[in-house]
Amino acid sequence: MKSTETRRTGRINAQTDTIAALSSGAVPSGVAVIRVSGPNARHSVEAITRRPPPAPGRVELRRFRSGDDVIDRGLVLWFEAPRSFTGEDVAEFHTHGGRAVTDGLLDALIKVGGIRFAEAGEFSKQAFRNGRLDLTAVEGLSDLIQAQTSLQRRQAFRQFDGGLESLYETWRKRLMGALAHVEATIDFSDEDLPDDVLAQVKPVLAGLMAELEGHLAGADLGERLRDGFRVAIYGPPNAGKSSLLNRLARRDVAIVSDQPGTTRDFLEVHLDLHGIPVTVVDTAGIRETEDEVERLGVERASAQVQEADVRLLILDGAAGRKGDIPARWQGVEPDVTIYNKVDLIDGATTAGRKSSGNADRNALWISAERGDGLEILLERIEDRLSDTVNAATDVVPTRLRHREALGVCLESLKRADPEAGLDVEILAEELRAAAVALGRITGRVDVEDMLDLVFRDFCIGK
């Protein structure tokens, strides 16, 4: 099911192949979109509909055929290069989303000849190769497709819409301007150049370093918004950690038992707190144990709590004791201390937290069994994260590769201090290295080794 050239050579040629794939969601569905991109896209429309493509920007209702068999009736759209998603000629067939319909149309397209099935992410890769998207926009598109909360959607769209590309390219152009001044002193050293060429470069580099440092400060937040903030529930066995997780998830995801040590590893539930992506982690009960498997669970729980953005310490409110917590947690300050099982205290409600005698202002009395106090707990978590989220700038790094390249750029700029007495040639090389590091983020230079990393998480239809 490859093009003639691909079948003959056994190789894929991204520059000359025509590719096709289901570009909408999984079938069955109400509507499905099959995209064809490449030099044979026009021929695919003519072969399937027996008519030339519609004018660009027009939508036409047509019958889709395979030989004498009518597969379906649907819409045809035509985009001429370079004004298409991929930058190539593109045809889209909008059909009913039945499996037999989509399979039949895809088979008919392959039989046309000169068309093969697209590989994962290949439409987006072609858009990158043809200059329609830079690498940060491609990553933003991937994040936009996978976004589960409004904050994730907004961050992904800003990146897809060119927010990071615009910023990094602005910085790169400023760097190239500074580099041009420095190289002028090398290439035209015998000419009458201004004496203050390097002095003119210094404030440019200082400004770039300050902006880079401020931008890098938001890297952790960008990655957190993309992946979700971590909220860890921890405490002694039988305090109600699993019951609380089930209540927050509104389904049974954890086994609830009176037997200590039931949870041997951590469990996760993903929540959307008014747009803030949150992953709640139920950890193994923290206690000293001789059981090797349970001990490993306790160690993993410790790591989860240490790395969490919000820590919820849950205790048995009916027992009224805090002494069950091992010594290792005595110095760890929880963001919220939860006293559970208020339903087992005669006549007690969550309002009793005010008169409980507990001086901890972060303490909260709940019933994971009945749901008492759960709304207040969610508000506490949201309040804790909101200050961090509100500190976000318009565009922030969202991936480790962004952070690493920005770090390389910053270190090169720090070494390129015009007053450090460097040879002009070395100064120019440091500036060039800084510009290359920025270019690697957007894909302007040295990108072949990064393409598979960027595109591997895409589905076939993208």
# chains A, B, ... in the order shown; residues from 1 in each chain; ligands from 1
>>> residues_around(residues="Ser367 (chain A)", least_positions_apart="3", cutoff="6 Å", atoms="only C-alpha atoms", output="list in words")
Asn340, Lys341, Val342, Asp343, Arg370, Gly371 and Asp372 of chain A
>>> write_last_selection(atoms="N, CA, C and O atoms", output="PDB file, in the first residue's frame")
ATOM      1  N   ASN A 340      -9.888  12.916  58.923  1.00  0.00           N
ATOM      2  CA  ASN A 340     -10.942  12.167  58.248  1.00  0.00           C
ATOM      3  C   ASN A 340     -11.828  11.441  59.259  1.00  0.00           C
ATOM      4  O   ASN A 340     -11.536  11.393  60.445  1.00  0.00           O
ATOM      5  N   LYS A 341     -12.913  10.863  58.766  1.00  0.00           N
ATOM      6  CA  LYS A 341     -13.851  10.023  59.521  1.00  0.00           C
ATOM      7  C   LYS A 341     -14.670  10.819  60.522  1.00  0.00           C
ATOM      8  O   LYS A 341     -15.004  10.328  61.609  1.00  0.00           O
ATOM      9  N   VAL A 342     -14.988  12.067  60.154  1.00  0.00           N
ATOM     10  CA  VAL A 342     -15.827  12.861  61.039  1.00  0.00           C
ATOM     11  C   VAL A 342     -17.196  12.206  61.214  1.00  0.00           C
ATOM     12  O   VAL A 342     -17.898  12.449  62.196  1.00  0.00           O
ATOM     13  N   ASP A 343     -17.569  11.347  60.262  1.00  0.00           N
ATOM     14  CA  ASP A 343     -18.864  10.655  60.346  1.00  0.00           C
ATOM     15  C   ASP A 343     -18.907   9.656  61.487  1.00  0.00           C
ATOM     16  O   ASP A 343     -19.996   9.217  61.894  1.00  0.00           O
ATOM     17  N   ARG A 370     -18.825  10.116  53.499  1.00  0.00           N
ATOM     18  CA  ARG A 370     -20.057  10.851  53.171  1.00  0.00           C
ATOM     19  C   ARG A 370     -19.817  11.998  52.196  1.00  0.00           C
ATOM     20  O   ARG A 370     -20.746  12.478  51.563  1.00  0.00           O
ATOM     21  N   GLY A 371     -18.571  12.450  52.094  1.00  0.00           N
ATOM     22  CA  GLY A 371     -18.274  13.584  51.217  1.00  0.00           C
ATOM     23  C   GLY A 371     -18.243  14.914  51.937  1.00  0.00           C
ATOM     24  O   GLY A 371     -18.067  15.955  51.289  1.00  0.00           O
ATOM     25  N   ASP A 372     -18.409  14.923  53.276  1.00  0.00           N
ATOM     26  CA  ASP A 372     -18.365  16.173  54.025  1.00  0.00           C
ATOM     27  C   ASP A 372     -17.003  16.864  53.831  1.00  0.00           C
ATOM     28  O   ASP A 372     -15.954  16.239  53.975  1.00  0.00           O
TER      29      ASP A 372
END
>>> residues_around(residues="His270 (chain A)", least_positions_apart="2", cutoff="12 Å", atoms="only C-alpha atoms", output="number ranges by chain")
A: 148-149, 227-231, 245-246, 248-250, 253, 267-268, 272-273, 275-282
>>> residues_around(residues="region 66-81 of chain A", least_positions_apart="6", cutoff="8 Å", atoms="only C-alpha atoms", output="number ranges by chain")
A: 48, 53-60, 87-96, 101, 104-105, 108
>>> atom_distance(atom1="CA of Arg65 (chain A)", atom2="CA of Gly121 (chain A)")
27.6 Å
>>> residues_around(residues="Arg384 (chain A)", least_positions_apart="6", cutoff="9 Å", atoms="only C-alpha atoms", output="MDAnalysis selection string")
chainID A and resid 309:310 335
>>> atom_distance(atom1="CA of Val396 (chain A)", atom2="CA of Gly218 (chain A)")
5.7 Å
>>> atom_distance(atom1="CA of Leu221 (chain A)", atom2="CA of Thr283 (chain A)")
23.9 Å
>>> closest_residue(among="A:Ala26, A:Ala416, A:Ile19, A:Val31", to="Ser124 (chain A)", atoms="only C-alpha atoms")
A:Ile19
>>> closest_residue(among="A:Leu225, A:Leu135, A:Ala405, A:Ala363", to="Leu385 (chain A)", atoms="only C-alpha atoms")
A:Leu225
